[in-house]
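Here is my_file_7.pdb, consisting of PDB, N, CA and C atoms:
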MODEL        1
ATOM      1  N   MET A   1     -79.685 110.409  41.257
ATOM      2  CA  MET A   1     -80.714 109.724  40.509
ATOM      3  C   MET A   1     -81.928 110.641  40.395
ATOM      4  N   ALA A   2     -82.339 110.827  39.169
ATOM      5  CA  ALA A   2     -83.541 111.612  38.917
ATOM      6  C   ALA A   2     -84.216 111.069  37.667
ATOM      7  N   ILE A   3     -85.462 110.748  37.802
ATOM      8  CA  ILE A   3     -86.203 110.217  36.660
ATOM      9  C   ILE A   3     -86.372 111.316  35.623
ATOM     10  N   THR A   4     -86.108 110.958  34.386
ATOM     11  CA  THR A   4     -86.226 111.896  33.274
ATOM     12  C   THR A   4     -87.228 111.351  32.262
ATOM     13  N   TRP A   5     -88.179 112.168  31.900
ATOM     14  CA  TRP A   5     -89.134 111.839  30.840
ATOM     15  C   TRP A   5     -88.707 112.561  29.572
ATOM     16  N   SER A   6     -88.846 111.890  28.437
ATOM     17  CA  SER A   6     -88.563 112.551  27.161
ATOM     18  C   SER A   6     -89.489 112.011  26.090
ATOM     19  N   ILE A   7     -89.634 112.793  25.050
ATOM     20  CA  ILE A   7     -90.443 112.400  23.898
ATOM     21  C   ILE A   7     -89.506 111.880  22.826
ATOM     22  N   VAL A   8     -89.774 110.679  22.354
ATOM     23  CA  VAL A   8     -88.955 110.046  21.332
ATOM     24  C   VAL A   8     -89.468 110.427  19.939
ATOM     25  N   GLN A   9     -90.786 110.503  19.805
ATOM     26  CA  GLN A   9     -91.390 110.801  18.505
ATOM     27  C   GLN A   9     -92.841 111.216  18.711
ATOM     28  N   LEU A  10     -93.332 112.085  17.838
ATOM     29  CA  LEU A  10     -94.747 112.446  17.799
ATOM     30  C   LEU A  10     -95.330 112.009  16.461
ATOM     31  N   ASP A  11     -96.508 111.415  16.500
ATOM     32  CA  ASP A  11     -97.239 111.097  15.275
ATOM     33  C   ASP A  11     -98.305 112.169  15.098
ATOM     34  N   TYR A  12     -98.685 112.424  13.851
ATOM     35  CA  TYR A  12     -99.667 113.475  13.609
ATOM     36  C   TYR A  12    -100.534 113.154  12.397
ATOM     37  N   ALA A  13    -101.734 113.744  12.427
ATOM     38  CA  ALA A  13    -102.635 113.695  11.271
ATOM     39  C   ALA A  13    -102.206 114.832  10.358
ATOM     40  N   VAL A  14    -102.046 114.544   9.096
ATOM     41  CA  VAL A  14    -101.603 115.563   8.150
ATOM     42  C   VAL A  14    -102.602 116.719   8.094
ATOM     43  N   SER A  15    -103.893 116.391   8.209
ATOM     44  CA  SER A  15    -104.926 117.425   8.177
ATOM     45  C   SER A  15    -106.089 116.997   9.066
ATOM     46  N   LEU A  16    -106.559 117.930   9.897
ATOM     47  CA  LEU A  16    -107.692 117.654  10.785
ATOM     48  C   LEU A  16    -108.356 118.975  11.142
ATOM     49  N   ASP A  17    -109.640 119.077  10.884
ATOM     50  CA  ASP A  17    -110.420 120.279  11.228
ATOM     51  C   ASP A  17    -109.739 121.561  10.745
ATOM     52  N   SER A  18    -109.314 121.589   9.525
ATOM     53  CA  SER A  18    -108.689 122.748   8.874
ATOM     54  C   SER A  18    -107.296 123.076   9.403
ATOM     55  N   GLU A  19    -106.734 122.231  10.246
ATOM     56  CA  GLU A  19    -105.374 122.418  10.735
ATOM     57  C   GLU A  19    -104.482 121.359  10.101
ATOM     58  N   THR A  20    -103.192 121.636  10.054
ATOM     59  CA  THR A  20    -102.254 120.662   9.496
ATOM     60  C   THR A  20    -101.313 120.146  10.581
ATOM     61  N   ASP A  21    -100.862 118.910  10.385
ATOM     62  CA  ASP A  21     -99.898 118.259  11.279
ATOM     63  C   ASP A  21    -100.360 118.310  12.741
ATOM     64  N   VAL A  22    -101.532 117.718  12.979
ATOM     65  CA  VAL A  22    -102.144 117.709  14.308
ATOM     66  C   VAL A  22    -101.659 116.471  15.064
ATOM     67  N   VAL A  23    -100.921 116.685  16.140
ATOM     68  CA  VAL A  23    -100.359 115.575  16.927
ATOM     69  C   VAL A  23    -101.489 114.723  17.506
ATOM     70  N   ASN A  24    -101.369 113.402  17.294
ATOM     71  CA  ASN A  24    -102.386 112.481  17.804
ATOM     72  C   ASN A  24    -101.805 111.293  18.569
ATOM     73  N   ASN A  25    -100.483 111.207  18.672
ATOM     74  CA  ASN A  25     -99.857 110.105  19.389
ATOM     75  C   ASN A  25     -98.456 110.523  19.816
ATOM     76  N   SER A  26     -98.082 110.087  21.009
ATOM     77  CA  SER A  26     -96.765 110.422  21.551
ATOM     78  C   SER A  26     -96.042 109.138  21.930
ATOM     79  N   HIS A  27     -94.783 109.024  21.502
ATOM     80  CA  HIS A  27     -93.903 107.934  21.907
ATOM     81  C   HIS A  27     -92.947 108.531  22.935
ATOM     82  N   TRP A  28     -92.915 107.956  24.116
ATOM     83  CA  TRP A  28     -92.191 108.551  25.238
ATOM     84  C   TRP A  28     -91.300 107.518  25.896
ATOM     85  N   GLN A  29     -90.368 108.028  26.715
ATOM     86  CA  GLN A  29     -89.574 107.157  27.564
ATOM     87  C   GLN A  29     -89.386 107.816  28.918
ATOM     88  N   CYS A  30     -89.240 106.963  29.919
ATOM     89  CA  CYS A  30     -89.018 107.372  31.294
ATOM     90  C   CYS A  30     -87.760 106.632  31.739
ATOM     91  N   VAL A  31     -86.720 107.381  32.126
ATOM     92  CA  VAL A  31     -85.403 106.797  32.379
ATOM     93  C   VAL A  31     -84.828 107.331  33.695
ATOM     94  N   ASP A  32     -84.076 106.470  34.366
ATOM     95  CA  ASP A  32     -83.281 106.905  35.505
ATOM     96  C   ASP A  32     -81.972 106.121  35.483
ATOM     97  N   VAL A  33     -80.903 106.745  35.910
ATOM     98  CA  VAL A  33     -79.580 106.111  35.968
ATOM     99  C   VAL A  33     -79.045 106.310  37.381
ATOM    100  N   ASP A  34     -78.561 105.201  37.987
ATOM    101  CA  ASP A  34     -78.018 105.323  39.337
ATOM    102  C   ASP A  34     -76.544 105.709  39.301
ATOM    103  N   ASP A  35     -75.951 105.870  40.457
ATOM    104  CA  ASP A  35     -74.558 106.310  40.564
ATOM    105  C   ASP A  35     -73.575 105.326  39.950
ATOM    106  N   ALA A  36     -73.972 104.044  39.867
ATOM    107  CA  ALA A  36     -73.106 103.014  39.276
ATOM    108  C   ALA A  36     -73.260 102.932  37.757
ATOM    109  N   GLY A  37     -74.156 103.729  37.193
ATOM    110  CA  GLY A  37     -74.377 103.716  35.750
ATOM    111  C   GLY A  37     -75.457 102.753  35.295
ATOM    112  N   ASN A  38     -76.115 102.071  36.236
ATOM    113  CA  ASN A  38     -77.229 101.189  35.878
ATOM    114  C   ASN A  38     -78.415 102.035  35.433
ATOM    115  N   GLN A  39     -79.159 101.510  34.468
ATOM    116  CA  GLN A  39     -80.279 102.270  33.917
ATOM    117  C   GLN A  39     -81.577 101.494  34.031
ATOM    118  N   GLY A  40     -82.615 102.188  34.456
ATOM    119  CA  GLY A  40     -83.979 101.676  34.410
ATOM    120  C   GLY A  40     -84.711 102.469  33.348
ATOM    121  N   ARG A  41     -85.535 101.785  32.538
ATOM    122  CA  ARG A  41     -86.180 102.490  31.425
ATOM    123  C   ARG A  41     -87.529 101.865  31.114
ATOM    124  N   VAL A  42     -88.503 102.710  30.862
ATOM    125  CA  VAL A  42     -89.802 102.293  30.365
ATOM    126  C   VAL A  42     -90.080 103.124  29.121
ATOM    127  N   TYR A  43     -90.584 102.458  28.077
ATOM    128  CA  TYR A  43     -90.907 103.127  26.815
ATOM    129  C   TYR A  43     -92.353 102.806  26.486
ATOM    130  N   GLY A  44     -93.046 103.757  25.903
ATOM    131  CA  GLY A  44     -94.424 103.498  25.507
ATOM    132  C   GLY A  44     -94.942 104.550  24.559
ATOM    133  N   SER A  45     -96.198 104.407  24.223
ATOM    134  CA  SER A  45     -96.860 105.419  23.411
ATOM    135  C   SER A  45     -98.277 105.589  23.934
ATOM    136  N   VAL A  46     -98.820 106.749  23.688
ATOM    137  CA  VAL A  46    -100.165 107.056  24.150
ATOM    138  C   VAL A  46    -100.833 107.977  23.129
ATOM    139  N   SER A  47    -102.125 107.763  22.934
ATOM    140  CA  SER A  47    -102.899 108.624  22.040
ATOM    141  C   SER A  47    -103.106 109.983  22.689
ATOM    142  N   ILE A  48    -102.951 111.008  21.890
ATOM    143  CA  ILE A  48    -103.212 112.379  22.331
ATOM    144  C   ILE A  48    -104.577 112.769  21.771
ATOM    145  N   PRO A  49    -105.529 113.097  22.632
ATOM    146  CA  PRO A  49    -106.871 113.423  22.151
ATOM    147  C   PRO A  49    -106.872 114.602  21.174
ATOM    148  N   THR A  50    -107.660 114.461  20.133
ATOM    149  CA  THR A  50    -107.772 115.525  19.131
ATOM    150  C   THR A  50    -109.229 115.973  18.965
ATOM    151  N   ASP A  51    -110.079 115.616  19.918
ATOM    152  CA  ASP A  51    -111.493 115.972  19.803
ATOM    153  C   ASP A  51    -111.743 117.467  20.009
ATOM    154  N   ASP A  52    -110.825 118.152  20.669
ATOM    155  CA  ASP A  52    -110.950 119.601  20.857
ATOM    156  C   ASP A  52    -109.589 120.242  20.599
ATOM    157  N   ILE A  53    -109.429 120.836  19.426
ATOM    158  CA  ILE A  53    -108.149 121.465  19.074
ATOM    159  C   ILE A  53    -108.295 122.982  18.965
ATOM    160  N   THR A  54    -109.155 123.543  19.814
ATOM    161  CA  THR A  54    -109.346 125.003  19.789
ATOM    162  C   THR A  54    -108.077 125.742  20.210
ATOM    163  N   ASP A  55    -107.238 125.102  21.023
ATOM    164  CA  ASP A  55    -105.966 125.710  21.438
ATOM    165  C   ASP A  55    -104.812 125.119  20.627
ATOM    166  N   PHE A  56    -105.047 124.900  19.352
ATOM    167  CA  PHE A  56    -104.078 124.246  18.469
ATOM    168  C   PHE A  56    -102.741 124.987  18.460
ATOM    169  N   ILE A  57    -101.673 124.209  18.535
ATOM    170  CA  ILE A  57    -100.315 124.747  18.420
ATOM    171  C   ILE A  57     -99.710 124.193  17.135
ATOM    172  N   PRO A  58     -99.232 125.050  16.231
ATOM    173  CA  PRO A  58     -98.605 124.547  14.997
ATOM    174  C   PRO A  58     -97.456 123.589  15.326
ATOM    175  N   TYR A  59     -97.325 122.551  14.536
ATOM    176  CA  TYR A  59     -96.335 121.503  14.773
ATOM    177  C   TYR A  59     -94.937 122.079  15.029
ATOM    178  N   ALA A  60     -94.539 123.035  14.222
ATOM    179  CA  ALA A  60     -93.194 123.616  14.346
ATOM    180  C   ALA A  60     -93.000 124.374  15.656
ATOM    181  N   ASP A  61     -94.088 124.726  16.336
ATOM    182  CA  ASP A  61     -94.006 125.497  17.573
ATOM    183  C   ASP A  61     -94.148 124.644  18.841
ATOM    184  N   ILE A  62     -94.354 123.356  18.678
ATOM    185  CA  ILE A  62     -94.511 122.476  19.840
ATOM    186  C   ILE A  62     -93.150 122.263  20.490
ATOM    187  N   THR A  63     -93.081 122.469  21.787
ATOM    188  CA  THR A  63     -91.853 122.201  22.543
ATOM    189  C   THR A  63     -91.947 120.810  23.162
ATOM    190  N   GLU A  64     -90.799 120.272  23.554
ATOM    191  CA  GLU A  64     -90.835 118.976  24.228
ATOM    192  C   GLU A  64     -91.605 119.092  25.544
ATOM    193  N   ALA A  65     -91.470 120.224  26.224
ATOM    194  CA  ALA A  65     -92.203 120.422  27.476
ATOM    195  C   ALA A  65     -93.711 120.339  27.245
ATOM    196  N   LYS A  66     -94.198 120.939  26.183
ATOM    197  CA  LYS A  66     -95.632 120.887  25.870
ATOM    198  C   LYS A  66     -96.037 119.461  25.503
ATOM    199  N   ALA A  67     -95.209 118.771  24.716
ATOM    200  CA  ALA A  67     -95.513 117.389  24.337
ATOM    201  C   ALA A  67     -95.523 116.485  25.565
ATOM    202  N   LEU A  68     -94.614 116.727  26.512
ATOM    203  CA  LEU A  68     -94.611 115.949  27.760
ATOM    204  C   LEU A  68     -95.865 116.235  28.583
ATOM    205  N   GLU A  69     -96.297 117.472  28.591
ATOM    206  CA  GLU A  69     -97.532 117.828  29.300
ATOM    207  C   GLU A  69     -98.711 117.058  28.713
ATOM    208  N   TRP A  70     -98.835 117.058  27.379
ATOM    209  CA  TRP A  70     -99.908 116.308  26.721
ATOM    210  C   TRP A  70     -99.814 114.819  27.044
ATOM    211  N   THR A  71     -98.584 114.305  26.997
ATOM    212  CA  THR A  71     -98.353 112.875  27.218
ATOM    213  C   THR A  71     -98.750 112.467  28.628
ATOM    214  N   LYS A  72     -98.276 113.204  29.610
ATOM    215  CA  LYS A  72     -98.583 112.860  31.000
ATOM    216  C   LYS A  72    -100.069 113.032  31.305
ATOM    217  N   THR A  73    -100.695 114.031  30.708
ATOM    218  CA  THR A  73    -102.141 114.211  30.880
ATOM    219  C   THR A  73    -102.882 113.028  30.283
ATOM    220  N   ALA A  74    -102.469 112.591  29.090
ATOM    221  CA  ALA A  74    -103.122 111.454  28.437
ATOM    222  C   ALA A  74    -102.914 110.161  29.230
ATOM    223  N   LEU A  75    -101.734 109.990  29.817
ATOM    224  CA  LEU A  75    -101.468 108.802  30.630
ATOM    225  C   LEU A  75    -102.249 108.838  31.941
ATOM    226  N   GLY A  76    -102.345 110.006  32.544
ATOM    227  CA  GLY A  76    -102.984 110.151  33.847
ATOM    228  C   GLY A  76    -101.959 110.025  34.960
ATOM    229  N   ALA A  77    -102.214 110.702  36.065
ATOM    230  CA  ALA A  77    -101.262 110.751  37.176
ATOM    231  C   ALA A  77    -100.940 109.371  37.731
ATOM    232  N   GLU A  78    -101.930 108.496  37.801
ATOM    233  CA  GLU A  78    -101.699 107.157  38.350
ATOM    234  C   GLU A  78    -100.747 106.347  37.472
ATOM    235  N   GLU A  79    -100.917 106.434  36.160
ATOM    236  CA  GLU A  79    -100.049 105.697  35.236
ATOM    237  C   GLU A  79     -98.640 106.292  35.219
ATOM    238  N   VAL A  80     -98.529 107.603  35.292
ATOM    239  CA  VAL A  80     -97.211 108.248  35.360
ATOM    240  C   VAL A  80     -96.474 107.756  36.606
ATOM    241  N   ALA A  81     -97.162 107.744  37.745
ATOM    242  CA  ALA A  81     -96.553 107.259  38.987
ATOM    243  C   ALA A  81     -96.161 105.786  38.860
ATOM    244  N   SER A  82     -96.977 104.998  38.193
ATOM    245  CA  SER A  82     -96.683 103.577  37.997
ATOM    246  C   SER A  82     -95.433 103.380  37.133
ATOM    247  N   MET A  83     -95.284 104.177  36.075
ATOM    248  CA  MET A  83     -94.108 104.078  35.215
ATOM    249  C   MET A  83     -92.845 104.464  35.984
ATOM    250  N   GLU A  84     -92.931 105.510  36.786
ATOM    251  CA  GLU A  84     -91.775 105.935  37.581
ATOM    252  C   GLU A  84     -91.415 104.883  38.631
ATOM    253  N   ALA A  85     -92.418 104.244  39.217
ATOM    254  CA  ALA A  85     -92.169 103.173  40.185
ATOM    255  C   ALA A  85     -91.529 101.973  39.499
ATOM    256  N   ASN A  86     -91.938 101.691  38.270
ATOM    257  CA  ASN A  86     -91.359 100.588  37.497
ATOM    258  C   ASN A  86     -89.873 100.832  37.261
ATOM    259  N   VAL A  87     -89.527 102.042  36.876
ATOM    260  CA  VAL A  87     -88.119 102.394  36.643
ATOM    261  C   VAL A  87     -87.317 102.246  37.938
ATOM    262  N   ALA A  88     -87.863 102.730  39.035
ATOM    263  CA  ALA A  88     -87.183 102.613  40.326
ATOM    264  C   ALA A  88     -87.006 101.147  40.714
ATOM    265  N   ALA A  89     -88.010 100.314  40.439
ATOM    266  CA  ALA A  89     -87.920  98.888  40.755
ATOM    267  C   ALA A  89     -86.848  98.203  39.909
ATOM    268  N   GLN A  90     -86.724  98.599  38.651
ATOM    269  CA  GLN A  90     -85.666  98.041  37.797
ATOM    270  C   GLN A  90     -84.294  98.328  38.396
ATOM    271  N   LEU A  91     -84.091  99.561  38.827
ATOM    272  CA  LEU A  91     -82.804  99.932  39.424
ATOM    273  C   LEU A  91     -82.561  99.176  40.730
ATOM    274  N   ALA A  92     -83.600  99.013  41.528
ATOM    275  CA  ALA A  92     -83.462  98.289  42.794
ATOM    276  C   ALA A  92     -83.028  96.851  42.545
ATOM    277  N   LEU A  93     -83.584  96.215  41.498
ATOM    278  CA  LEU A  93     -83.201  94.838  41.180
ATOM    279  C   LEU A  93     -81.764  94.749  40.670
ATOM    280  N   LEU A  94     -81.320  95.767  39.967
ATOM    281  CA  LEU A  94     -79.936  95.770  39.501
ATOM    282  C   LEU A  94     -78.968  95.949  40.668
ATOM    283  N   GLU A  95     -79.371  96.748  41.645
ATOM    284  CA  GLU A  95     -78.530  96.992  42.810
ATOM    285  C   GLU A  95     -78.525  95.809  43.775
ATOM    286  N   ASP A  96     -79.644  95.089  43.857
ATOM    287  CA  ASP A  96     -79.777  93.962  44.778
ATOM    288  C   ASP A  96     -80.542  92.842  44.070
ATOM    289  N   PRO A  97     -79.863  92.105  43.173
ATOM    290  CA  PRO A  97     -80.549  91.085  42.366
ATOM    291  C   PRO A  97     -81.147  89.966  43.219
ATOM    292  N   VAL A  98     -82.256  89.428  42.731
ATOM    293  CA  VAL A  98     -82.906  88.293  43.384
ATOM    294  C   VAL A  98     -82.835  87.035  42.528
ATOM    295  N   GLU A  99     -82.330  87.149  41.308
ATOM    296  CA  GLU A  99     -82.183  86.025  40.392
ATOM    297  C   GLU A  99     -80.863  86.140  39.655
ATOM    298  N   GLY A 100     -80.411  85.028  39.118
ATOM    299  CA  GLY A 100     -79.203  85.007  38.304
ATOM    300  C   GLY A 100     -79.337  83.942  37.232
ATOM    301  N   SER A 101     -78.357  83.859  36.335
ATOM    302  CA  SER A 101     -78.374  82.836  35.291
ATOM    303  C   SER A 101     -76.947  82.523  34.886
ATOM    304  N   GLY A 102     -76.757  81.409  34.237
ATOM    305  CA  GLY A 102     -75.437  80.996  33.783
ATOM    306  C   GLY A 102     -75.292  79.487  33.835
ATOM    307  N   THR A 103     -74.077  78.999  33.746
ATOM    308  CA  THR A 103     -73.778  77.574  33.878
ATOM    309  C   THR A 103     -72.669  77.420  34.916
ATOM    310  N   PRO A 104     -72.747  76.381  35.758
ATOM    311  CA  PRO A 104     -71.775  76.235  36.825
ATOM    312  C   PRO A 104     -70.481  75.533  36.388
ATOM    313  N   TRP A 105     -70.345  75.144  35.156
ATOM    314  CA  TRP A 105     -69.140  74.454  34.705
ATOM    315  C   TRP A 105     -68.339  75.335  33.764
ATOM    316  N   GLU A 106     -67.102  75.001  33.598
ATOM    317  CA  GLU A 106     -66.224  75.742  32.696
ATOM    318  C   GLU A 106     -66.460  75.261  31.278
ATOM    319  N   GLU A 107     -66.376  76.171  30.345
ATOM    320  CA  GLU A 107     -66.500  75.827  28.934
ATOM    321  C   GLU A 107     -65.231  75.127  28.477
ATOM    322  N   ALA A 108     -65.374  74.089  27.627
ATOM    323  CA  ALA A 108     -64.229  73.382  27.077
ATOM    324  C   ALA A 108     -63.501  74.285  26.083
ATOM    325  N   ALA A 109     -62.183  74.182  26.096
ATOM    326  CA  ALA A 109     -61.373  75.028  25.202
ATOM    327  C   ALA A 109     -61.290  74.455  23.815
TER
ENDMDL
END
Would you write the structure of this file as structure tokens?
Amino acid sequence: MAITWSIVQLDYAVSLDSETDVVNNSHWQCVDVDDAGNQGRVYGSVSIPTDDITDFIPYADITEAKALEWTKTALGAEEVASMEANVAAQLALLEDPVEGSGTPWEEAA
């Protein structure tokens, strides 16, 4: 089991401060799968600050690693840890459920 972060999509401003395709929002997911194949997942989006684009990277040159760096920085360490804990808690509930649902009678044929 290892938590994996990935970028699902980047949104961008077509033009900003003489640059084109400036990323301003990231859609991300945080996923983990246990040995039984159960999956915990959190999905979200976060605004990427564009107030200082002096270190601008052209859209075509952005790597997922760089986008993840921006995303995690925008979320903050506490929120990143919270998302990872949420995924772990989902898996824990799947492994050791505390609730169930259904009907106790047989369905009529």
Test item: which residues lie within 5 Å of (-89.7, 107.6, 23.2) counting all atoms listed in the file, as a ChimeraX atom specification: /A:7-9,27-29
Among the residues A:Lys66, A:Thr71, A:Ala60, A:Ala2, the one that comes closest to Ser26 in chain A [using only N, CA and C atoms]: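 Checking each candidate against Ser26 in chain A, we get A:Thr71 as the closest.
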Near-Ala85 in chain A list (12 Å; only C-alpha atoms; drop same-chain fewer than 2 positions) as a VMD selection string: chain A and resid 3 30 to 32 40 to 42 78 to 83 87 to 92
Coordinates-based distance that separates CA of Val22 in chain A from CA of Tyr59 in chain A (Å, one decimal): 7.0 Å
Atomic separation - CA of Gly76 in chain A relative to CA of Thr50 in chain A, Å: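 We find that CA of Thr50 in chain A and CA of Gly76 in chain A lie 16.4 Å from each other.
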